[in-house]
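For reference, run_2.cif is printed below; it contains mmCIF, C-alpha atoms.
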```cif
data_entry
#
loop_
_atom_site.label_atom_id
_atom_site.label_comp_id
_atom_site.auth_asym_id
_atom_site.auth_seq_id
_atom_site.Cartn_x
_atom_site.Cartn_y
_atom_site.Cartn_z
CA MET A 400 -24.67 -54.10 62.16
CA LYS A 401 -22.91 -56.54 64.44
CA GLY A 402 -19.41 -55.45 63.48
CA GLN A 403 -19.77 -52.13 65.30
CA PHE A 404 -19.93 -53.89 68.67
CA PRO A 405 -16.70 -55.06 70.42
CA ILE A 406 -18.16 -58.42 71.42
CA GLU A 407 -14.85 -59.84 72.66
CA LYS A 408 -14.54 -56.97 75.11
CA PHE A 409 -18.14 -57.45 76.22
CA LYS A 410 -17.24 -60.90 77.56
CA SER A 411 -15.49 -59.41 80.58
CA LEU A 412 -18.42 -57.14 81.49
CA ARG A 413 -21.40 -57.98 83.65
CA THR A 414 -24.67 -57.75 81.76
CA PRO A 415 -26.96 -55.96 81.35
CA PHE A 416 -25.16 -52.71 80.58
CA TYR A 417 -25.56 -49.64 78.40
CA TYR A 418 -23.10 -49.19 75.57
CA TYR A 419 -22.65 -45.80 73.91
CA ASP A 420 -21.06 -45.35 70.49
CA ALA A 421 -19.00 -42.20 71.06
CA GLU A 422 -18.14 -41.74 67.39
CA LEU A 423 -21.80 -41.78 66.39
CA LEU A 424 -22.56 -39.18 69.06
CA ARG A 425 -19.70 -37.01 67.83
CA ASP A 426 -20.98 -37.33 64.24
CA THR A 427 -24.45 -36.33 65.42
CA LEU A 428 -23.14 -33.32 67.32
CA ARG A 429 -21.05 -32.20 64.33
CA THR A 430 -24.11 -32.47 62.09
CA ILE A 431 -26.20 -30.38 64.51
CA GLN A 432 -23.42 -27.81 64.80
CA GLY A 433 -23.19 -27.59 61.02
CA GLU A 434 -26.91 -27.03 60.55
CA VAL A 435 -27.28 -24.57 63.44
CA GLY A 436 -24.18 -22.73 62.29
CA ARG A 437 -26.05 -21.66 59.15
CA HIS A 438 -28.20 -19.39 61.32
CA ALA A 439 -26.57 -16.86 63.66
CA ASN A 440 -29.65 -16.59 65.86
CA PHE A 441 -30.28 -20.35 66.40
CA PHE A 442 -29.32 -21.91 69.74
CA VAL A 443 -29.67 -25.52 70.95
CA HIS A 444 -30.13 -26.57 74.56
CA TYR A 445 -29.74 -30.31 75.14
CA ALA A 446 -32.68 -31.80 77.05
CA VAL A 447 -30.90 -33.40 79.99
CA LYS A 448 -33.92 -35.53 80.87
CA ALA A 449 -33.14 -37.73 77.85
CA ASN A 450 -29.86 -38.92 79.32
CA ALA A 451 -27.88 -37.43 82.20
CA ASN A 452 -24.83 -39.68 81.87
CA SER A 453 -21.95 -37.42 82.93
CA ILE A 454 -19.61 -38.43 80.10
CA LEU A 455 -22.26 -37.79 77.46
CA LEU A 456 -23.11 -34.46 79.08
CA LYS A 457 -19.48 -33.37 78.85
CA MET A 458 -19.30 -34.35 75.17
CA ILE A 459 -22.48 -32.40 74.46
CA ARG A 460 -21.25 -29.37 76.38
CA GLN A 461 -17.94 -29.47 74.48
CA ALA A 462 -19.96 -29.33 71.25
CA GLY A 463 -21.23 -25.91 72.30
CA MET A 464 -24.78 -26.70 73.37
CA GLY A 465 -26.61 -25.30 76.36
CA ALA A 466 -28.71 -27.39 78.74
CA ASP A 467 -32.48 -27.70 79.14
CA CYS A 468 -33.26 -28.94 82.65
CA VAL A 469 -36.52 -30.02 84.28
CA SER A 470 -35.34 -30.42 87.88
CA GLY A 471 -32.86 -29.02 90.36
CA GLY A 472 -30.91 -32.25 90.13
CA GLU A 473 -30.53 -31.79 86.40
CA ILE A 474 -29.29 -28.22 86.93
CA GLN A 475 -26.68 -29.60 89.33
CA ALA A 476 -25.71 -32.36 86.87
CA ALA A 477 -25.35 -29.85 84.04
CA ILE A 478 -23.17 -27.51 86.07
CA ALA A 479 -21.05 -30.46 87.25
CA ALA A 480 -20.53 -31.39 83.59
CA GLY A 481 -19.23 -27.89 82.87
CA PHE A 482 -22.29 -26.14 81.42
CA SER A 483 -22.30 -22.42 82.17
CA PRO A 484 -25.35 -21.39 84.23
CA GLY A 485 -25.91 -18.71 81.60
CA ASP A 486 -26.55 -21.49 79.07
CA ILE A 487 -29.10 -23.34 81.22
CA VAL A 488 -32.88 -23.02 80.92
CA PHE A 489 -35.20 -24.52 83.55
CA ALA A 490 -38.51 -25.99 82.46
CA GLY A 491 -41.03 -28.20 84.27
CA VAL A 492 -44.57 -27.93 85.46
CA GLY A 493 -43.81 -28.47 89.16
CA LYS A 494 -40.73 -26.53 90.23
CA SER A 495 -40.14 -26.76 93.99
CA ASP A 496 -39.04 -23.70 95.94
CA TRP A 497 -35.53 -25.09 96.50
CA GLU A 498 -35.16 -25.73 92.78
CA ILE A 499 -36.22 -22.19 91.89
CA ILE A 500 -33.85 -20.79 94.51
CA LEU A 501 -31.04 -22.95 93.13
CA GLY A 502 -31.67 -21.56 89.65
CA LEU A 503 -31.77 -18.00 90.95
CA GLU A 504 -28.62 -18.36 93.03
CA ARG A 505 -26.72 -20.01 90.18
CA GLY A 506 -27.85 -17.33 87.74
CA ILE A 507 -29.37 -19.59 85.08
CA SER A 508 -30.41 -18.06 81.79
CA CYS A 509 -34.17 -18.48 81.94
CA PHE A 510 -37.13 -20.10 83.68
CA ASN A 511 -39.73 -21.56 81.32
CA VAL A 512 -42.87 -20.77 83.30
CA GLU A 513 -45.94 -23.00 83.00
CA SER A 514 -48.62 -21.25 85.09
CA MET A 515 -49.61 -17.97 86.69
CA ALA A 516 -49.19 -19.61 90.11
CA GLU A 517 -45.57 -20.53 89.30
CA LEU A 518 -44.89 -17.03 88.03
CA GLU A 519 -46.05 -15.53 91.34
CA VAL A 520 -43.76 -17.84 93.32
CA ILE A 521 -40.73 -17.09 91.15
CA ASN A 522 -41.35 -13.35 91.58
CA GLN A 523 -41.66 -13.79 95.35
CA LEU A 524 -38.52 -15.89 95.71
CA ALA A 525 -36.51 -13.62 93.42
CA GLY A 526 -37.61 -10.68 95.58
CA GLN A 527 -36.39 -12.44 98.71
CA LEU A 528 -33.00 -12.87 97.04
CA ASN A 529 -33.02 -9.29 95.71
CA THR A 530 -32.58 -10.49 92.13
CA THR A 531 -34.52 -10.63 88.88
CA ALA A 532 -35.51 -13.84 87.08
CA ARG A 533 -35.68 -13.99 83.29
CA VAL A 534 -38.79 -15.92 82.32
CA ALA A 535 -40.26 -17.34 79.14
CA LEU A 536 -43.93 -18.28 79.22
CA ARG A 537 -44.76 -21.76 77.97
CA ILE A 538 -47.83 -21.46 75.79
CA ASN A 539 -49.89 -24.44 74.65
CA PRO A 540 -50.30 -23.84 70.91
CA GLU A 541 -53.29 -26.23 70.70
CA ILE A 542 -51.54 -28.45 68.19
CA GLY A 543 -51.87 -32.22 68.41
CA ALA A 544 -48.59 -33.81 67.32
CA HIS A 545 -48.72 -37.10 65.41
CA THR A 546 -47.09 -39.19 68.10
CA HIS A 547 -47.91 -41.36 71.13
CA ALA A 548 -50.71 -39.99 73.33
CA HIS A 549 -48.47 -40.07 76.41
CA ILE A 550 -45.88 -37.76 74.82
CA THR A 551 -48.19 -35.23 73.16
CA THR A 552 -47.97 -32.03 75.21
CA GLY A 553 -49.23 -29.09 73.15
CA LEU A 554 -52.99 -29.55 73.44
CA ALA A 555 -55.28 -26.94 74.94
CA GLU A 556 -55.99 -28.96 78.10
CA SER A 557 -52.74 -30.29 79.50
CA LYS A 558 -50.86 -30.25 82.78
CA PHE A 559 -48.15 -28.47 80.79
CA GLY A 560 -48.16 -24.82 79.81
CA ILE A 561 -50.50 -21.85 79.67
CA ALA A 562 -53.62 -21.80 77.50
CA ILE A 563 -53.57 -19.45 74.51
CA ARG A 564 -56.65 -17.65 75.82
CA ASP A 565 -54.71 -16.71 78.98
CA MET A 566 -51.48 -15.71 77.23
CA GLU A 567 -52.00 -11.94 77.07
CA ALA A 568 -53.21 -11.69 80.67
CA VAL A 569 -50.19 -13.64 81.95
CA ILE A 570 -47.81 -11.53 79.88
CA GLU A 571 -49.37 -8.33 81.24
CA ARG A 572 -49.00 -9.67 84.78
CA THR A 573 -45.37 -10.59 84.08
CA LEU A 574 -44.61 -7.09 82.80
CA SER A 575 -46.03 -5.62 85.99
CA MET A 576 -43.87 -7.70 88.33
CA GLU A 577 -40.81 -6.23 89.99
CA HIS A 578 -38.57 -9.30 90.14
CA VAL A 579 -39.18 -11.06 86.85
CA ARG A 580 -38.36 -9.99 83.31
CA PHE A 581 -40.38 -11.20 80.34
CA ALA A 582 -37.82 -12.79 78.02
CA GLY A 583 -39.87 -14.74 75.52
CA LEU A 584 -42.32 -17.46 74.62
CA HIS A 585 -41.76 -21.20 74.95
CA PHE A 586 -43.56 -24.01 73.11
CA HIS A 587 -43.28 -27.79 73.07
CA ILE A 588 -45.81 -29.92 71.22
CA GLY A 589 -44.58 -33.44 71.96
CA SER A 590 -41.87 -36.00 71.39
CA GLN A 591 -40.80 -38.52 68.72
CA ILE A 592 -42.31 -36.37 65.95
CA LEU A 593 -41.46 -37.61 62.46
CA ASP A 594 -44.09 -35.66 60.53
CA LEU A 595 -42.47 -32.27 59.89
CA GLY A 596 -45.95 -30.95 59.12
CA ASP A 597 -46.45 -30.73 62.89
CA PHE A 598 -43.59 -28.24 63.06
CA HIS A 599 -45.06 -26.37 60.08
CA SER A 600 -48.25 -25.98 62.12
CA LEU A 601 -46.28 -24.77 65.13
CA CYS A 602 -44.53 -22.12 63.02
CA ASN A 603 -47.85 -20.90 61.65
CA ARG A 604 -49.30 -20.64 65.15
CA ILE A 605 -46.29 -18.75 66.48
CA ASN A 606 -46.43 -16.35 63.53
CA ASP A 607 -50.07 -15.61 64.31
CA LEU A 608 -49.37 -15.13 68.02
CA GLN A 609 -46.52 -12.72 67.34
CA LEU A 610 -48.78 -10.56 65.17
CA GLN A 611 -51.44 -10.65 67.89
CA LEU A 612 -48.97 -9.50 70.53
CA GLU A 613 -47.49 -6.77 68.34
CA GLN A 614 -50.95 -5.28 67.99
CA ARG A 615 -50.77 -4.84 71.77
CA HIS A 616 -47.23 -3.40 71.45
CA ILE A 617 -45.77 -6.44 73.20
CA MET A 618 -42.37 -7.40 71.79
CA VAL A 619 -40.88 -10.86 72.29
CA GLU A 620 -37.12 -11.16 72.78
CA SER A 621 -36.78 -14.88 72.11
CA ILE A 622 -38.79 -17.82 70.83
CA ASN A 623 -38.21 -21.34 72.19
CA VAL A 624 -39.78 -24.08 70.07
CA GLY A 625 -38.85 -26.95 72.40
CA GLY A 626 -37.72 -30.21 70.87
CA GLY A 627 -39.64 -33.28 69.76
CA LEU A 628 -37.69 -34.35 66.65
CA GLY A 629 -37.98 -38.11 66.31
CA ILE A 630 -35.57 -40.81 65.16
CA ASP A 631 -35.92 -43.97 63.07
CA TYR A 632 -36.22 -46.79 65.60
CA LEU A 633 -36.89 -49.35 62.84
CA HIS A 634 -33.63 -49.02 60.93
CA PRO A 635 -30.78 -47.96 63.26
CA ASN A 636 -28.11 -49.37 60.94
CA ARG A 637 -29.40 -47.65 57.81
CA VAL A 638 -30.66 -44.34 59.28
CA ARG A 639 -28.01 -43.44 61.84
CA MET A 640 -29.33 -40.05 62.94
CA ALA A 641 -32.36 -37.77 62.82
CA ASP A 642 -33.17 -35.50 59.88
CA PHE A 643 -31.57 -32.36 61.29
CA LYS A 644 -31.26 -30.61 57.93
CA ASN A 645 -35.00 -30.55 57.25
CA TYR A 646 -35.84 -29.97 60.93
CA PHE A 647 -33.82 -26.76 61.29
CA GLY A 648 -34.64 -25.81 57.70
CA THR A 649 -38.36 -25.94 58.48
CA PHE A 650 -38.02 -23.29 61.16
CA ALA A 651 -35.65 -21.19 59.05
CA ARG A 652 -38.15 -21.12 56.19
CA ARG A 653 -41.46 -20.93 57.98
CA LEU A 654 -40.97 -19.05 61.24
CA HIS A 655 -41.03 -15.28 60.80
CA LEU A 656 -38.41 -14.13 63.28
CA ARG A 657 -37.99 -10.44 63.94
CA PRO A 658 -34.58 -8.70 63.73
CA GLN A 659 -32.49 -9.44 66.82
CA GLN A 660 -34.91 -12.18 67.87
CA SER A 661 -33.27 -15.48 68.90
CA LEU A 662 -34.66 -18.97 68.31
CA HIS A 663 -34.02 -21.75 70.81
CA PHE A 664 -34.37 -25.52 70.47
CA GLU A 665 -34.44 -28.19 73.19
CA LEU A 666 -33.39 -31.43 71.52
CA GLY A 667 -32.88 -34.58 73.59
CA ARG A 668 -33.89 -37.86 71.99
CA ALA A 669 -32.58 -36.90 68.55
CA VAL A 670 -29.16 -36.13 70.04
CA VAL A 671 -28.50 -39.26 72.09
CA ALA A 672 -31.01 -42.03 71.29
CA PRO A 673 -29.20 -43.54 68.28
CA CYS A 674 -25.82 -43.88 70.00
CA GLY A 675 -27.04 -46.12 72.85
CA SER A 676 -27.65 -49.87 73.02
CA LEU A 677 -28.65 -52.05 75.95
CA ILE A 678 -26.47 -55.16 75.93
CA THR A 679 -27.94 -58.22 77.58
CA ARG A 680 -27.31 -61.99 77.50
CA VAL A 681 -29.63 -64.89 76.93
CA LEU A 682 -30.42 -66.79 80.12
CA TYR A 683 -32.81 -69.40 78.79
CA ILE A 684 -34.78 -70.42 75.75
CA LYS A 685 -38.21 -71.58 76.88
CA GLN A 686 -40.60 -73.41 74.60
CA GLY A 687 -44.20 -72.54 75.43
CA VAL A 688 -47.37 -74.09 74.07
CA THR A 689 -47.33 -71.94 70.94
CA LYS A 690 -44.45 -69.53 71.56
CA ARG A 691 -40.72 -69.65 72.04
CA PHE A 692 -39.42 -67.28 74.71
CA CYS A 693 -35.93 -65.77 74.74
CA ILE A 694 -35.39 -64.90 78.40
CA VAL A 695 -32.62 -62.33 78.86
CA ASP A 696 -30.97 -60.86 81.95
CA ALA A 697 -32.12 -57.29 81.21
CA GLY A 698 -35.57 -56.27 82.33
CA MET A 699 -38.01 -53.41 82.47
CA THR A 700 -35.95 -52.06 85.37
CA ASP A 701 -33.14 -51.41 82.90
CA LEU A 702 -35.29 -50.22 79.97
CA ILE A 703 -38.89 -49.33 80.77
CA ARG A 704 -39.97 -47.83 77.43
CA PRO A 705 -41.45 -51.03 75.93
CA ALA A 706 -43.52 -51.67 79.07
CA LEU A 707 -44.49 -48.02 79.55
CA TYR A 708 -45.17 -46.95 75.96
CA GLN A 709 -45.20 -50.24 74.05
CA ALA A 710 -42.18 -48.66 72.38
CA TYR A 711 -40.39 -50.50 69.60
CA HIS A 712 -36.63 -51.06 69.67
CA LYS A 713 -34.80 -53.14 67.11
CA ILE A 714 -33.27 -56.22 68.75
CA GLU A 715 -30.27 -58.10 67.36
CA ASN A 716 -28.43 -61.28 68.35
CA LEU A 717 -24.78 -60.25 68.21
CA SER A 718 -23.48 -63.78 68.75
CA SER A 719 -25.28 -65.70 66.04
CA ASN A 720 -25.42 -65.88 62.26
CA GLU A 721 -27.65 -68.95 62.28
CA PRO A 722 -31.06 -68.96 60.57
CA MET A 723 -33.83 -66.82 62.01
CA GLU A 724 -36.31 -68.10 64.55
CA THR A 725 -39.29 -66.35 66.11
CA TYR A 726 -39.23 -65.32 69.78
CA ASP A 727 -40.89 -63.27 72.46
CA VAL A 728 -37.96 -61.46 74.12
CA VAL A 729 -38.68 -61.12 77.83
CA GLY A 730 -36.87 -60.18 81.02
CA PRO A 731 -36.60 -61.63 84.54
CA VAL A 732 -38.69 -59.06 86.43
CA CYS A 733 -41.78 -60.45 88.17
CA GLU A 734 -44.25 -58.50 86.02
CA SER A 735 -46.16 -59.73 82.98
CA SER A 736 -45.33 -56.44 81.25
CA ASP A 737 -41.59 -57.19 81.41
CA VAL A 738 -41.48 -57.80 77.66
CA PHE A 739 -39.13 -56.16 75.15
CA ALA A 740 -40.77 -57.52 72.01
CA LYS A 741 -43.28 -60.13 70.90
CA HIS A 742 -43.12 -62.42 67.89
CA ILE A 743 -39.88 -61.09 66.40
CA ASP A 744 -37.31 -62.85 64.27
CA LEU A 745 -33.76 -63.22 65.60
CA ASN A 746 -30.82 -65.29 64.54
CA CYS A 747 -31.14 -68.55 66.49
CA CYS A 748 -30.57 -67.77 70.17
CA ARG A 749 -28.72 -69.87 72.71
CA ARG A 750 -27.83 -69.42 76.35
CA GLY A 751 -25.05 -66.86 76.72
CA ASP A 752 -25.61 -65.07 73.41
CA PHE A 753 -25.20 -61.30 73.46
CA ILE A 754 -28.39 -59.45 72.54
CA ALA A 755 -28.38 -55.74 71.62
CA ILE A 756 -31.51 -53.64 72.13
CA ARG A 757 -30.87 -50.65 69.91
CA SER A 758 -31.54 -46.89 69.95
CA VAL A 759 -31.88 -46.65 73.73
CA GLY A 760 -29.60 -43.67 74.36
CA ALA A 761 -32.64 -41.57 75.31
CA TYR A 762 -34.98 -42.47 78.18
CA GLY A 763 -33.08 -45.68 78.82
CA GLU A 764 -30.35 -45.50 81.45
CA VAL A 765 -31.85 -42.35 82.93
CA MET A 766 -35.18 -44.11 83.69
CA ALA A 767 -33.68 -47.28 85.17
CA SER A 768 -34.93 -48.35 88.61
CA GLY A 769 -34.06 -50.72 91.41
CA TYR A 770 -37.38 -52.60 91.41
CA ASN A 771 -37.00 -56.24 92.55
CA SER A 772 -33.81 -54.96 94.27
CA ARG A 773 -32.03 -55.19 90.95
CA PRO A 774 -28.78 -53.20 90.59
CA LEU A 775 -28.78 -50.28 88.20
CA PRO A 776 -27.09 -51.10 84.89
CA GLN A 777 -23.56 -49.87 84.33
CA ALA A 778 -22.71 -47.72 81.31
CA TYR A 779 -19.67 -47.94 79.05
CA ILE A 780 -18.44 -45.61 76.31
CA SER A 781 -16.88 -47.08 73.17
CA ASP A 782 -13.81 -44.86 73.63
CA ASP A 783 -13.02 -46.70 76.88
CA LEU A 784 -13.32 -50.28 75.62
#
```
Serialized structure, structure tokens:
Amino acid sequence: MKGQFPIEKFKSLRTPFYYYDAELLRDTLRTIQGEVGRHANFFVHYAVKANANSILLKMIRQAGMGADCVSGGEIQAAIAAGFSPGDIVFAGVGKSDWEIILGLERGISCFNVESMAELEVINQLAGQLNTTARVALRINPEIGAHTHAHITTGLAESKFGIAIRDMEAVIERTLSMEHVRFAGLHFHIGSQILDLGDFHSLCNRINDLQLQLEQRHIMVESINVGGGLGIDYLHPNRVRMADFKNYFGTFARRLHLRPQQSLHFELGRAVVAPCGSLITRVLYIKQGVTKRFCIVDAGMTDLIRPALYQAYHKIENLSSNEPMETYDVVGPVCESSDVFAKHIDLNCCRRGDFIAIRSVGAYGEVMASGYNSRPLPQAYISDDL
């Protein structure tokens, strides 16, 4: 929908840049608040890895969410944006000592622990600081989500998490440690999940595990089901946000929580992806032997998802209403994989046209690099233009 973009104001800005629709983000946050508000024991932690833009973080914090961090830098970014340490959880398979110490000294809510080895280190470091770390154990539920192989994380053999067969032994070890406190179980089965049946399966597995633990008289204070809710990349103008109603409703209906037990979510992509677009301009139209190339000034350094995952993003020519023509949309980086899309139809493109690559609010700006000595893209919020 071209009318939602202030093209006249874009003319004074250097491309490529990220453009965030603040009103769409606010609508999304209000929708999440409304759905979560139906359940007193539901809590959402925004997955900072999706987008650590400081303005977006402040908007998300003002909406009442906590923060899910996977590095010390993300903990620092969250605190700088005003998140209370008590609302921060720290996940990640490879936490460095300084990152663990940072979390302990700041008094974060919980460490999501991914191995026995990590648990031992957290106990040791907490002992050195004469404190106690709250920990949730990340368990691989052995569920294969219907998504891209590179973002499926809940299988039995994965660098992430603790195998189900080891769960009871690790819990027993946790309960015996002096400087950690067992606070719950953590799960995450993947990302960009559109088939809610995958979450049904996760609920069933958690229900079974809870019964198994209760037979051993092990009580779980909190359950963290991670994130993973996908968005509609095909139709960003028609489907403006993720299906939060059915997502939260699935867990409300199918997960058998105990009295006083809290349920935590770690949403990232579903919160911020729809509100972001990468704005780029056409440099050249090149006629190949059988193809027509639309060469733009954005590249894989600005948005790596198409090159990394062969990810689809809807692309629109904001400057043209002329008849459609077929293009390969490519960038200037000296790599053959610097391609945003192949054989797509766009309104006739000419040098200088503004091109919008849609739904890039997650894993876009935050993954940008300086390869080819290219400057990092700037970011602008609709409120400021």
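Compared by their closest atoms to A:Gly627, and using only C-alpha atoms, the residues A:Ile500, A:Met723, A:Ile588, A:Leu662 rank with A:Ile588 nearest.
From atom CA of A:Gly667 back to atom CA of A:Ser590, the distance works out to 9.4 Å.
Of the residues under consideration (A:Ser718, A:Ser470, A:Gln523, A:Gln461), A:Ser470 shows the shortest atom-to-atom contact distance to A:Lys448 when counting all atoms listed in the file.
Running the PyMOL selection byres ((chain A and resi 657) around 10) on this file leaves A:Gln609, A:Met618, A:Val619, A:Glu620, A:Ser621, A:Leu654, A:His655, A:Leu656, A:Pro658, A:Gln659, A:Gln660, A:Ser661 selected.
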task = Go through the shown structure with the PyMOL selection byres ((chain A and resi 444) around 10) and write out the matching residues as a ChimeraX atom specification.
result = /A:442-443,445-447,459-460,463-468,486-488,623,625-626,663-667
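Checking A:Leu456, A:Cys674, A:Ala641, A:Leu775 one by one against A:Gly698, counting all atoms listed in the file, you find the shortest gap at A:Leu775.
If only C-alpha atoms are the atoms counted, then among A:Ala421, A:Ile538, A:Ala710, A:Ala479 the closest residue to A:Glu567 is A:Ile538.
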Going by the chain IDs and residue numbers used in this file, which residues fall under the PyMOL selection byres ((chain A and resi 669-671) around 9)? Write them as a PDB file with C-alpha atoms, in the frame of the given file.
```pdb
ATOM      1  CA  TYR A 419     -22.650 -45.800  73.910  1.00  0.00           C
ATOM      2  CA  LEU A 424     -22.560 -39.180  69.060  1.00  0.00           C
ATOM      3  CA  THR A 427     -24.450 -36.330  65.420  1.00  0.00           C
ATOM      4  CA  LEU A 428     -23.140 -33.320  67.320  1.00  0.00           C
ATOM      5  CA  ILE A 431     -26.200 -30.380  64.510  1.00  0.00           C
ATOM      6  CA  TYR A 445     -29.740 -30.310  75.140  1.00  0.00           C
ATOM      7  CA  ALA A 446     -32.680 -31.800  77.050  1.00  0.00           C
ATOM      8  CA  ALA A 449     -33.140 -37.730  77.850  1.00  0.00           C
ATOM      9  CA  ASN A 450     -29.860 -38.920  79.320  1.00  0.00           C
ATOM     10  CA  LEU A 455     -22.260 -37.790  77.460  1.00  0.00           C
ATOM     11  CA  ILE A 459     -22.480 -32.400  74.460  1.00  0.00           C
ATOM     12  CA  GLN A 591     -40.800 -38.520  68.720  1.00  0.00           C
ATOM     13  CA  GLY A 626     -37.720 -30.210  70.870  1.00  0.00           C
ATOM     14  CA  GLY A 627     -39.640 -33.280  69.760  1.00  0.00           C
ATOM     15  CA  LEU A 628     -37.690 -34.350  66.650  1.00  0.00           C
ATOM     16  CA  GLY A 629     -37.980 -38.110  66.310  1.00  0.00           C
ATOM     17  CA  ILE A 630     -35.570 -40.810  65.160  1.00  0.00           C
ATOM     18  CA  MET A 640     -29.330 -40.050  62.940  1.00  0.00           C
ATOM     19  CA  ALA A 641     -32.360 -37.770  62.820  1.00  0.00           C
ATOM     20  CA  ASP A 642     -33.170 -35.500  59.880  1.00  0.00           C
ATOM     21  CA  PHE A 643     -31.570 -32.360  61.290  1.00  0.00           C
ATOM     22  CA  LEU A 666     -33.390 -31.430  71.520  1.00  0.00           C
ATOM     23  CA  GLY A 667     -32.880 -34.580  73.590  1.00  0.00           C
ATOM     24  CA  ARG A 668     -33.890 -37.860  71.990  1.00  0.00           C
ATOM     25  CA  ALA A 672     -31.010 -42.030  71.290  1.00  0.00           C
ATOM     26  CA  PRO A 673     -29.200 -43.540  68.280  1.00  0.00           C
ATOM     27  CA  CYS A 674     -25.820 -43.880  70.000  1.00  0.00           C
ATOM     28  CA  GLY A 675     -27.040 -46.120  72.850  1.00  0.00           C
ATOM     29  CA  SER A 758     -31.540 -46.890  69.950  1.00  0.00           C
ATOM     30  CA  VAL A 759     -31.880 -46.650  73.730  1.00  0.00           C
ATOM     31  CA  GLY A 760     -29.600 -43.670  74.360  1.00  0.00           C
ATOM     32  CA  ALA A 761     -32.640 -41.570  75.310  1.00  0.00           C
TER      33      ALA A 761
END
```
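Candidate residues A:Met458, A:Ile754, A:Leu574, A:Val695 were compared for distance to A:Arg429, and the nearest is A:Met458, using all atoms listed in the file.
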query = Hey, which of A:Ser676, A:Arg639, A:Glu734, A:Leu610 ends up closest to A:Tyr779? Count all atoms listed in the file.
reply = A:Ser676
request  = State, in Å with one decimal place, the distance from atom CA of A:Arg533 to atom CA of A:Val624.
outcome  = 17.1 Å
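For A:Asp744, the non-local neighbours within 7 Å, defined as residues at least 4 positions apart in the same chain or in other chains and counting all atoms listed in the file, are Met723, Glu724, Thr725 and Tyr726 of chain A.
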query = Any idea what's packed within 12 Å of A:Arg652, counting all atoms listed in the file, ignoring anything in its chain fewer than 2 positions away? Could you give it as a ChimeraX atom specification?
reply = /A:438,598-599,602-603,644-650,654-656
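Distance-wise, atom CA of A:Tyr711 and atom CA of A:Val469 end up 25.5 Å apart.
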inquiry  = Residues near A:Phe739, anyone? I mean within 7 Å using all atoms listed in the file, not counting same-chain ones fewer than 4 positions away, as an MDAnalysis selection string.
reply    = chainID A and resid 705 728:729
Write a file of the just-selected residues containing C-alpha atoms, as a PDB file, in the coordinates of the input.
```pdb
ATOM      1  CA  PRO A 705     -41.450 -51.030  75.930  1.00  0.00           C
ATOM      2  CA  VAL A 728     -37.960 -61.460  74.120  1.00  0.00           C
ATOM      3  CA  VAL A 729     -38.680 -61.120  77.830  1.00  0.00           C
TER       4      VAL A 729
END
```
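Using only C-alpha atoms, every residue with an atom at most 6 Å from the point (-20.9, -29.9, 80.6) is listed here: Leu456, Lys457, Arg460, Ala477, Ala480, Gly481 and Phe482 of chain A.
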